[in-house]
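Structure file entry_6.pdb with PDB, C-alpha atoms:
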```pdb
ATOM      1  CA  MET A  15      18.480  17.513 -32.075
ATOM      2  CA  ASN A  16      14.725  17.569 -31.735
ATOM      3  CA  GLU A  17      13.720  19.300 -28.512
ATOM      4  CA  ILE A  18      10.757  20.542 -26.541
ATOM      5  CA  GLN A  19      10.810  23.432 -24.073
ATOM      6  CA  ARG A  20       8.307  24.062 -21.317
ATOM      7  CA  GLY A  21       8.052  26.314 -18.296
ATOM      8  CA  THR A  22       9.923  29.350 -17.057
ATOM      9  CA  GLY A  23      12.911  29.908 -14.810
ATOM     10  CA  ARG A  24      16.436  28.510 -14.789
ATOM     11  CA  LYS A  25      17.118  26.047 -17.566
ATOM     12  CA  LEU A  26      17.226  22.305 -17.010
ATOM     13  CA  LEU A  27      18.276  19.803 -19.697
ATOM     14  CA  LEU A  28      16.805  16.281 -19.649
ATOM     15  CA  ILE A  29      18.590  13.361 -21.375
ATOM     16  CA  HIS A  30      16.584  10.161 -21.861
ATOM     17  CA  GLY A  31      17.830   6.582 -21.938
ATOM     18  CA  LEU A  32      18.389   3.908 -24.576
ATOM     19  CA  GLY A  33      15.419   3.613 -26.905
ATOM     20  CA  GLY A  34      13.611   6.548 -25.312
ATOM     21  CA  SER A  35      12.760  10.086 -26.350
ATOM     22  CA  TRP A  36      11.747  13.349 -24.699
ATOM     23  CA  ARG A  37       8.453  11.615 -23.933
ATOM     24  CA  SER A  38      10.276   9.352 -21.454
ATOM     25  CA  TRP A  39       9.953  12.272 -19.016
ATOM     26  CA  SER A  40       6.172  12.636 -19.422
ATOM     27  CA  THR A  41       5.426  11.532 -15.852
ATOM     28  CA  ILE A  42       7.386  14.426 -14.339
ATOM     29  CA  LEU A  43       7.570  17.016 -17.116
ATOM     30  CA  ASP A  44       4.667  19.157 -15.925
ATOM     31  CA  ALA A  45       5.885  19.231 -12.314
ATOM     32  CA  LEU A  46       9.418  20.189 -13.327
ATOM     33  CA  SER A  47       8.274  22.850 -15.790
ATOM     34  CA  ALA A  48       6.228  24.510 -13.050
ATOM     35  CA  ASN A  49       9.567  25.468 -11.502
ATOM     36  CA  ARG A  50      12.127  25.494 -14.310
ATOM     37  CA  THR A  51      12.509  25.994 -18.042
ATOM     38  CA  VAL A  52      12.748  22.363 -19.048
ATOM     39  CA  ILE A  53      14.503  21.358 -22.266
ATOM     40  CA  ALA A  54      14.038  17.710 -23.203
ATOM     41  CA  VAL A  55      15.791  16.380 -26.295
ATOM     42  CA  ASP A  56      15.652  13.333 -28.535
ATOM     43  CA  LEU A  57      19.150  11.885 -28.799
ATOM     44  CA  PRO A  58      20.406  11.161 -32.342
ATOM     45  CA  GLY A  59      18.818   7.961 -33.627
ATOM     46  CA  HIS A  60      15.942   8.332 -31.149
ATOM     47  CA  GLY A  61      12.521   9.909 -31.406
ATOM     48  CA  GLU A  62      12.483  12.560 -34.126
ATOM     49  CA  THR A  63      16.252  13.125 -34.296
ATOM     50  CA  PRO A  64      17.999  11.376 -37.198
ATOM     51  CA  ALA A  65      21.020   9.245 -36.418
ATOM     52  CA  GLU A  66      24.478  10.620 -37.136
ATOM     53  CA  HIS A  67      27.423   8.547 -38.330
ATOM     54  CA  ASP A  68      28.540   7.738 -34.780
ATOM     55  CA  SER A  69      25.154   7.549 -33.025
ATOM     56  CA  GLY A  70      25.530   3.815 -32.460
ATOM     57  CA  THR A  71      28.251   4.444 -29.877
ATOM     58  CA  PHE A  72      28.168   5.932 -26.404
ATOM     59  CA  ASP A  73      31.008   8.351 -27.187
ATOM     60  CA  GLY A  74      29.187   9.471 -30.310
ATOM     61  CA  LEU A  75      26.080  10.393 -28.334
ATOM     62  CA  VAL A  76      28.124  12.235 -25.709
ATOM     63  CA  GLY A  77      29.778  14.241 -28.467
ATOM     64  CA  SER A  78      26.381  15.095 -29.965
ATOM     65  CA  VAL A  79      25.108  16.378 -26.612
ATOM     66  CA  GLN A  80      28.278  18.394 -26.040
ATOM     67  CA  ARG A  81      27.876  20.077 -29.424
ATOM     68  CA  TYR A  82      24.206  20.747 -28.734
ATOM     69  CA  ILE A  83      25.069  22.459 -25.439
ATOM     70  CA  VAL A  84      27.762  24.635 -27.022
ATOM     71  CA  ASP A  85      25.763  25.464 -30.158
ATOM     72  CA  ASN A  86      22.786  26.583 -28.067
ATOM     73  CA  ALA A  87      24.816  28.653 -25.591
ATOM     74  CA  LEU A  88      23.901  26.337 -22.717
ATOM     75  CA  THR A  89      27.332  25.851 -21.158
ATOM     76  CA  GLY A  90      26.890  25.425 -17.414
ATOM     77  CA  ILE A  91      23.304  24.198 -17.662
ATOM     78  CA  ASP A  92      21.937  21.817 -15.021
ATOM     79  CA  VAL A  93      21.452  18.340 -16.493
ATOM     80  CA  VAL A  94      19.370  15.282 -15.586
ATOM     81  CA  GLY A  95      19.752  11.881 -17.207
ATOM     82  CA  SER A  96      18.082   8.484 -16.985
ATOM     83  CA  SER A  97      19.832   5.134 -17.577
ATOM     84  CA  MET A  98      22.110   5.629 -20.602
ATOM     85  CA  GLY A  99      21.265   9.318 -20.358
ATOM     86  CA  ALA A 100      22.398   9.246 -16.730
ATOM     87  CA  ARG A 101      25.746   7.915 -17.820
ATOM     88  CA  ILE A 102      25.893  10.649 -20.469
ATOM     89  CA  VAL A 103      25.401  13.389 -17.866
ATOM     90  CA  LEU A 104      28.059  11.834 -15.619
ATOM     91  CA  GLU A 105      30.462  11.809 -18.560
ATOM     92  CA  LEU A 106      29.602  15.455 -19.216
ATOM     93  CA  ALA A 107      30.383  16.157 -15.557
ATOM     94  CA  ARG A 108      33.733  14.419 -15.987
ATOM     95  CA  ARG A 109      34.552  16.473 -19.081
ATOM     96  CA  GLY A 110      33.230  19.755 -17.668
ATOM     97  CA  GLY A 111      30.849  22.355 -19.042
ATOM     98  CA  VAL A 112      27.712  21.499 -17.065
ATOM     99  CA  GLY A 113      26.293  22.748 -13.779
ATOM    100  CA  ASN A 114      24.422  20.574 -11.308
ATOM    101  CA  VAL A 115      23.955  16.942 -12.320
ATOM    102  CA  VAL A 116      21.312  14.318 -11.485
ATOM    103  CA  ALA A 117      21.980  10.787 -12.755
ATOM    104  CA  LEU A 118      19.107   8.310 -12.330
ATOM    105  CA  ASP A 119      20.201   4.651 -12.412
ATOM    106  CA  PRO A 120      23.212   5.213 -14.680
ATOM    107  CA  GLY A 121      24.651   2.508 -16.878
ATOM    108  CA  GLY A 122      28.355   1.950 -17.298
ATOM    109  CA  PHE A 123      29.258   0.532 -13.889
ATOM    110  CA  TRP A 124      28.750  -3.175 -14.650
ATOM    111  CA  ARG A 125      31.579  -5.688 -14.362
ATOM    112  CA  GLY A 126      32.179  -9.314 -15.310
ATOM    113  CA  TRP A 127      28.971 -11.315 -15.665
ATOM    114  CA  GLU A 128      26.933  -8.140 -15.222
ATOM    115  CA  ARG A 129      28.007  -7.024 -18.697
ATOM    116  CA  THR A 130      26.722 -10.255 -20.224
ATOM    117  CA  PHE A 131      23.541  -9.973 -18.157
ATOM    118  CA  PHE A 132      22.905  -6.446 -19.438
ATOM    119  CA  LYS A 133      23.639  -7.287 -23.079
ATOM    120  CA  THR A 134      21.633 -10.519 -23.067
ATOM    121  CA  THR A 135      18.535  -9.277 -21.262
ATOM    122  CA  ILE A 136      18.141  -5.859 -22.862
ATOM    123  CA  GLY A 137      19.095  -7.237 -26.269
ATOM    124  CA  ALA A 138      16.415  -9.901 -25.991
ATOM    125  CA  SER A 139      13.886  -7.272 -24.935
ATOM    126  CA  GLY A 140      14.674  -5.208 -28.019
ATOM    127  CA  ARG A 141      14.222  -8.178 -30.346
ATOM    128  CA  LEU A 142      10.951  -9.134 -28.666
ATOM    129  CA  LEU A 143       9.514  -5.643 -28.928
ATOM    130  CA  ARG A 144      10.375  -5.428 -32.606
ATOM    131  CA  ALA A 145       8.674  -8.777 -33.180
ATOM    132  CA  ILE A 146       5.449  -7.753 -31.429
ATOM    133  CA  ARG A 147       5.477  -4.061 -32.380
ATOM    134  CA  SER A 148       2.017  -4.042 -33.946
ATOM    135  CA  GLY A 149       0.488  -5.430 -30.755
ATOM    136  CA  LEU A 150       2.187  -3.076 -28.287
ATOM    137  CA  PRO A 151      -0.742  -0.623 -27.927
ATOM    138  CA  ILE A 152      -3.087  -3.442 -26.940
ATOM    139  CA  LEU A 153      -0.556  -5.231 -24.732
ATOM    140  CA  SER A 154       0.230  -1.982 -22.917
ATOM    141  CA  ARG A 155      -3.401  -1.597 -21.875
ATOM    142  CA  ASN A 156      -3.434  -4.948 -20.074
ATOM    143  CA  ALA A 157      -1.960  -5.046 -16.567
ATOM    144  CA  ALA A 158      -0.722  -8.634 -16.913
ATOM    145  CA  SER A 159       1.079  -8.061 -20.203
ATOM    146  CA  ARG A 160       2.490  -4.732 -18.949
ATOM    147  CA  THR A 161       3.931  -6.621 -16.017
ATOM    148  CA  ALA A 162       5.469  -9.281 -18.247
ATOM    149  CA  LEU A 163       7.022  -6.731 -20.605
ATOM    150  CA  LEU A 164       8.364  -4.363 -17.935
ATOM    151  CA  ALA A 165       9.247  -6.662 -15.041
ATOM    152  CA  GLN A 166      12.948  -5.826 -15.447
ATOM    153  CA  LEU A 167      12.415  -2.075 -15.553
ATOM    154  CA  SER A 168       9.681  -1.236 -13.032
ATOM    155  CA  ALA A 169       9.000  -2.251  -9.443
ATOM    156  CA  HIS A 170       5.247  -2.190 -10.111
ATOM    157  CA  PRO A 171       4.641  -2.217 -13.886
ATOM    158  CA  TRP A 172       0.970  -3.147 -13.511
ATOM    159  CA  ALA A 173       0.338   0.299 -12.011
ATOM    160  CA  LEU A 174       1.945   2.317 -14.809
ATOM    161  CA  ASP A 175      -0.041   4.470 -17.204
ATOM    162  CA  PRO A 176      -0.794   2.376 -20.322
ATOM    163  CA  GLN A 177      -0.156   5.236 -22.748
ATOM    164  CA  THR A 178       3.224   5.980 -21.167
ATOM    165  CA  VAL A 179       4.158   2.321 -21.490
ATOM    166  CA  ALA A 180       2.972   2.060 -25.093
ATOM    167  CA  THR A 181       4.883   5.189 -26.115
ATOM    168  CA  GLU A 182       8.103   4.042 -24.469
ATOM    169  CA  LEU A 183       7.995   0.478 -25.799
ATOM    170  CA  MET A 184       7.058   1.574 -29.310
ATOM    171  CA  GLY A 185       9.924   4.068 -29.338
ATOM    172  CA  LEU A 186      12.368   1.423 -28.199
ATOM    173  CA  SER A 187      11.200  -0.951 -30.932
ATOM    174  CA  LEU A 188      11.757   1.747 -33.580
ATOM    175  CA  THR A 189      15.225   2.936 -32.496
ATOM    176  CA  PRO A 190      17.566   2.055 -35.396
ATOM    177  CA  THR A 191      20.746   2.277 -33.306
ATOM    178  CA  PHE A 192      19.445   0.122 -30.448
ATOM    179  CA  ASP A 193      21.504  -3.032 -31.090
ATOM    180  CA  ALA A 194      24.688  -1.087 -31.828
ATOM    181  CA  LEU A 195      24.324   0.892 -28.620
ATOM    182  CA  VAL A 196      23.687  -2.221 -26.549
ATOM    183  CA  ASP A 197      26.966  -3.625 -27.877
ATOM    184  CA  SER A 198      28.818  -0.339 -27.313
ATOM    185  CA  LEU A 199      27.565  -0.040 -23.742
ATOM    186  CA  ALA A 200      28.163  -3.687 -22.849
ATOM    187  CA  THR A 201      31.661  -4.014 -24.306
ATOM    188  CA  GLY A 202      33.042  -0.506 -23.792
ATOM    189  CA  PRO A 203      35.099   0.708 -20.851
ATOM    190  CA  GLU A 204      33.589   1.272 -17.423
ATOM    191  CA  GLN A 205      32.501   4.830 -16.702
ATOM    192  CA  THR A 206      35.179   6.851 -14.944
ATOM    193  CA  GLY A 207      35.268  10.072 -12.961
ATOM    194  CA  PRO A 208      35.699  12.287 -11.086
ATOM    195  CA  ALA A 209      33.799  15.412 -12.039
ATOM    196  CA  ALA A 210      35.740  18.294 -13.558
ATOM    197  CA  ALA A 211      36.451  21.396 -11.516
ATOM    198  CA  GLY A 212      33.546  23.831 -11.705
ATOM    199  CA  THR A 213      30.877  21.145 -11.942
ATOM    200  CA  GLY A 214      28.053  21.737  -9.492
ATOM    201  CA  ARG A 215      26.322  19.363  -7.143
ATOM    202  CA  ILE A 216      26.048  15.729  -8.295
ATOM    203  CA  VAL A 217      23.266  13.436  -7.129
ATOM    204  CA  ILE A 218      23.178   9.795  -8.219
ATOM    205  CA  GLY A 219      19.756   8.225  -7.751
ATOM    206  CA  TRP A 220      19.247   4.455  -7.736
ATOM    207  CA  GLY A 221      16.183   2.249  -7.511
ATOM    208  CA  ARG A 222      16.466  -0.398  -4.816
ATOM    209  CA  HIS A 223      14.663  -2.821  -7.158
ATOM    210  CA  ASP A 224      16.613  -2.027 -10.339
ATOM    211  CA  ARG A 225      16.952  -5.299 -12.262
ATOM    212  CA  LEU A 226      18.970  -3.861 -15.157
ATOM    213  CA  CYS A 227      21.628  -1.673 -13.540
ATOM    214  CA  LEU A 228      21.877  -3.655 -10.337
ATOM    215  CA  PRO A 229      21.953  -1.730  -7.018
ATOM    216  CA  ARG A 230      25.388  -3.167  -6.189
ATOM    217  CA  GLN A 231      26.771  -0.957  -8.988
ATOM    218  CA  ALA A 232      25.914   2.202  -7.049
ATOM    219  CA  ALA A 233      29.025   1.773  -4.906
ATOM    220  CA  ARG A 234      31.190   1.853  -8.040
ATOM    221  CA  ALA A 235      29.466   4.989  -9.265
ATOM    222  CA  MET A 236      30.146   6.677  -5.938
ATOM    223  CA  ALA A 237      33.780   5.590  -6.020
ATOM    224  CA  ALA A 238      34.144   7.134  -9.490
ATOM    225  CA  PHE A 239      32.400  10.360  -8.410
ATOM    226  CA  PRO A 240      33.309  10.786  -4.724
ATOM    227  CA  SER A 241      31.794  14.276  -4.529
ATOM    228  CA  ALA A 242      28.354  12.896  -5.408
ATOM    229  CA  LYS A 243      25.464  12.249  -3.063
ATOM    230  CA  LEU A 244      23.657   8.905  -3.385
ATOM    231  CA  HIS A 245      19.865   8.833  -3.134
ATOM    232  CA  TRP A 246      18.042   5.508  -2.882
ATOM    233  CA  PHE A 247      14.529   5.246  -4.343
ATOM    234  CA  VAL A 248      13.297   2.514  -2.044
ATOM    235  CA  SER A 249      10.214   1.480  -4.025
ATOM    236  CA  SER A 250      11.577   1.945  -7.530
ATOM    237  CA  GLY A 251      12.976  -0.134 -10.332
ATOM    238  CA  HIS A 252      15.165   1.185 -13.149
ATOM    239  CA  PHE A 253      13.033   4.279 -13.838
ATOM    240  CA  PRO A 254      12.272   6.347 -10.706
ATOM    241  CA  MET A 255      10.289   8.837 -12.775
ATOM    242  CA  TRP A 256       7.840   5.997 -13.501
ATOM    243  CA  ASP A 257       7.710   4.293 -10.107
ATOM    244  CA  MET A 258       8.213   7.256  -7.764
ATOM    245  CA  PRO A 259       7.538  10.404  -9.816
ATOM    246  CA  GLU A 260       6.861  12.806  -6.921
ATOM    247  CA  GLU A 261      10.062  11.864  -5.108
ATOM    248  CA  THR A 262      11.996  12.073  -8.379
ATOM    249  CA  VAL A 263      10.800  15.639  -8.908
ATOM    250  CA  ASP A 264      11.786  16.550  -5.355
ATOM    251  CA  VAL A 265      15.262  15.069  -5.785
ATOM    252  CA  ILE A 266      15.837  16.876  -9.083
ATOM    253  CA  LEU A 267      14.628  20.263  -7.862
ATOM    254  CA  ASP A 268      16.607  20.009  -4.621
ATOM    255  CA  ALA A 269      19.799  18.961  -6.399
ATOM    256  CA  THR A 270      19.576  21.706  -9.004
ATOM    257  CA  GLN A 271      18.367  24.553  -6.826
ATOM    258  CA  LYS A 272      19.951  27.946  -7.287
ATOM    259  CA  GLY A 273      23.029  28.417  -5.184
ATOM    260  CA  SER A 274      24.063  24.740  -5.142
ATOM    261  CA  SER A 275      27.750  24.443  -4.382
ATOM    262  CA  GLY A 276      29.813  25.066  -7.479
ATOM    263  CA  SER A 277      26.779  25.420  -9.731
ATOM    264  CA  ALA A 278      27.176  27.223 -12.993
ATOM    265  CA  GLY A 279      23.539  26.632 -13.923
ATOM    266  CA  GLN A 280      21.911  28.891 -16.495
ATOM    267  CA  ALA A 281      19.686  31.741 -15.414
TER     268      ALA A 281
END
```
Structure rendered as structure tokens:
Amino acid sequence: MNEIQRGTGRKLLLIHGLGGSWRSWSTILDALSANRTVIAVDLPGHGETPAEHDSGTFDGLVGSVQRYIVDNALTGIDVVGSSMGARIVLELARRGGVGNVVALDPGGFWRGWERTFFKTTIGASGRLLRAIRSGLPILSRNAASRTALLAQLSAHPWALDPQTVATELMGLSLTPTFDALVDSLATGPEQTGPAAAGTGRIVIGWGRHDRLCLPRQAARAMAAFPSAKLHWFVSSGHFPMWDMPEETVDVILDATQKGSSGSAGQA
């Protein structure tokens, strides 16, 4: 998988969400790398990593990340995920082999009509972005159009950095496995727990204004992972690293600090 590494100190692996890339972490990458060696990857079928035969399924992506961790001698590494990536790191916690875990607005805890809501709204967003791809750089520079495009994902999209928005939306529009993954996530089984023995501290972060993975789903995530701590981002939508970057950095560094209970994090 394509990766970037920055900083020094204990290693920290970042897993982006559906349609994203390592650049999804741009708002907090410098702050994290001032304290840790940050490794941010492009999942298969995203960014600069080619898709594999099973990259259109959630289980396929989890398997790819597991192999990456083993092949790079990173067993026990602290992991942070966003959205689909947050569900991936929770699944890694369930299977074992990771240290401390931070899951930001994880998918996989929707039920009933929420599944249809997720599939319909995010699927429509993907089709729209593909249709208007050539205009995304210009639309991202305008506060009104940023707000229209990102109303479901940010609590205050008009305030986001235009380049960050353009990069994220363009990447989503170019992800070849997007539709297959939406179907896999919407129709597959609910995420289960608990974390495997030896997993470190688990923190599940949730935006109070998340309009994709609805806040009511946080209770289900906590029921699946009863050892986890829940942190509410009170002024955030689906992506705390966009809406509340400083608090997101604080939560990640606190949750993955050396000596966290049960941590097997890399030195």
Point to revise | For atom CA of A:Ala232 and atom CA of A:Leu167, the interatomic separation in Å (one decimal) | key: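 Interatomic distance, atom CA of A:Ala232 to atom CA of A:Leu167: 16.5 Å.
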Check your understanding: Please, what distance in Å, to one decimal, runs between atom CA of A:Leu228 and atom CA of A:Leu75?
Key -> 23.2 Å
Check your understanding: Do you know which residues are at most 8 Å from stretch 42-44 of chain A counting only C-alpha atoms, after dropping those on the same chain fewer than 4 positions away, and could you put them as a list in words?
Key ->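 Result of the neighbour search: Ala48, Val52, Met255, Pro259, Glu260, Thr262 and Val263 of chain A.
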Check your understanding: In terms of the shortest atom-to-atom distance over only C-alpha atoms, which of A:Met15, A:Gly140, A:Leu244, A:Asp119 is closest to A:Thr191?
Key ->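 Of the candidates, the smallest distance to A:Thr191 is held by A:Gly140.
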Review point. Can you list what the PyMOL selection byres ((chain A and resi 187-189) around 8) grabs from this structure, as a ChimeraX atom specification?
Key: /A:33,59-61,140-141,143-144,147,183-186,190-192
Exercise for review: Name the closest residue to A:Asn156 among the candidates A:Leu174, A:Ala194, A:Val55, A:Leu267; distances are taken between atoms, counting all atoms listed in the file.
Suggested key: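 That would be A:Leu174, the residue with the smallest distance to A:Asn156.
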Check your understanding: Any idea what the distance is between atom CA of A:Ser38 and atom CA of A:Ala162?
Key ->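 The value is 19.5 Å.
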Check your understanding: Taking only C-alpha atoms into account, which of A:Pro64, A:Pro171, A:Gly202, A:Pro58 comes nearest A:Gly122?
Key ->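 Between A:Pro64, A:Pro171, A:Gly202, A:Pro58, the residue approaching A:Gly122 most closely is A:Gly202.
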**Study point:** Counting only C-alpha atoms, the residue of A:Ile218, A:Leu27, A:Ala210, A:Ala200 that sits nearest A:Glu128
**Key:**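 Of A:Ile218, A:Leu27, A:Ala210, A:Ala200, the one nearest A:Glu128 is A:Ala200, counting only C-alpha atoms.
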Check your understanding: Pick the closest to A:Ala235 from A:Ser168, A:Asp268, A:Leu142, A:Ala117: which is it, counting all atoms listed in the file?
Key ->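 Counting all atoms listed in the file, the residue closest to A:Ala235 is A:Ala117.
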Supply stretch 247-270 of chain A as a compact mmCIF listing (two decimals), in the coordinates of the input, with N, CA and C atoms built in where the input has gaps.
```txt
# COMPACT_ATOMS: atom_id res chain seq x y z
N PHE A 247 15.98 5.27 -4.15
CA PHE A 247 14.53 5.25 -4.34
C PHE A 247 14.05 3.87 -3.89
N VAL A 248 13.49 3.80 -2.71
CA VAL A 248 13.30 2.51 -2.04
C VAL A 248 12.22 1.64 -2.70
N SER A 249 11.29 2.25 -3.41
CA SER A 249 10.21 1.48 -4.03
C SER A 249 10.25 1.56 -5.54
N SER A 250 11.45 1.73 -6.10
CA SER A 250 11.58 1.94 -7.53
C SER A 250 12.44 0.89 -8.19
N GLY A 251 12.12 0.66 -9.48
CA GLY A 251 12.98 -0.13 -10.33
C GLY A 251 13.95 0.76 -11.07
N HIS A 252 14.15 0.48 -12.37
CA HIS A 252 15.16 1.18 -13.15
C HIS A 252 14.78 2.63 -13.47
N PHE A 253 13.48 2.94 -13.46
CA PHE A 253 13.03 4.28 -13.84
C PHE A 253 12.27 4.94 -12.69
N PRO A 254 12.96 5.67 -11.82
CA PRO A 254 12.27 6.35 -10.71
C PRO A 254 11.17 7.30 -11.16
N MET A 255 11.32 7.90 -12.33
CA MET A 255 10.29 8.84 -12.78
C MET A 255 9.00 8.11 -13.13
N TRP A 256 9.05 6.80 -13.33
CA TRP A 256 7.84 6.00 -13.50
C TRP A 256 7.29 5.55 -12.15
N ASP A 257 8.15 4.96 -11.34
CA ASP A 257 7.71 4.29 -10.11
C ASP A 257 7.51 5.24 -8.93
N MET A 258 8.31 6.30 -8.87
CA MET A 258 8.21 7.26 -7.76
C MET A 258 8.35 8.68 -8.31
N PRO A 259 7.38 9.12 -9.13
CA PRO A 259 7.54 10.40 -9.82
C PRO A 259 7.63 11.61 -8.88
N GLU A 260 6.83 11.64 -7.81
CA GLU A 260 6.86 12.81 -6.92
C GLU A 260 8.22 12.93 -6.24
N GLU A 261 8.75 11.81 -5.76
CA GLU A 261 10.06 11.86 -5.11
C GLU A 261 11.15 12.22 -6.11
N THR A 262 11.02 11.75 -7.34
CA THR A 262 12.00 12.07 -8.38
C THR A 262 12.03 13.57 -8.64
N VAL A 263 10.87 14.18 -8.72
CA VAL A 263 10.80 15.64 -8.91
C VAL A 263 11.47 16.35 -7.75
N ASP A 264 11.18 15.92 -6.53
CA ASP A 264 11.79 16.55 -5.36
C ASP A 264 13.31 16.44 -5.38
N VAL A 265 13.81 15.27 -5.74
CA VAL A 265 15.26 15.07 -5.78
C VAL A 265 15.90 15.97 -6.84
N ILE A 266 15.28 16.06 -8.00
CA ILE A 266 15.84 16.88 -9.08
C ILE A 266 15.83 18.35 -8.70
N LEU A 267 14.72 18.84 -8.20
CA LEU A 267 14.63 20.26 -7.86
C LEU A 267 15.57 20.62 -6.72
N ASP A 268 15.69 19.74 -5.73
CA ASP A 268 16.61 20.01 -4.62
C ASP A 268 18.06 20.02 -5.09
N ALA A 269 18.41 19.07 -5.95
CA ALA A 269 19.80 18.96 -6.40
C ALA A 269 20.20 20.10 -7.31
N THR A 270 19.25 20.68 -8.01
CA THR A 270 19.58 21.71 -9.00
C THR A 270 19.11 23.08 -8.58
```
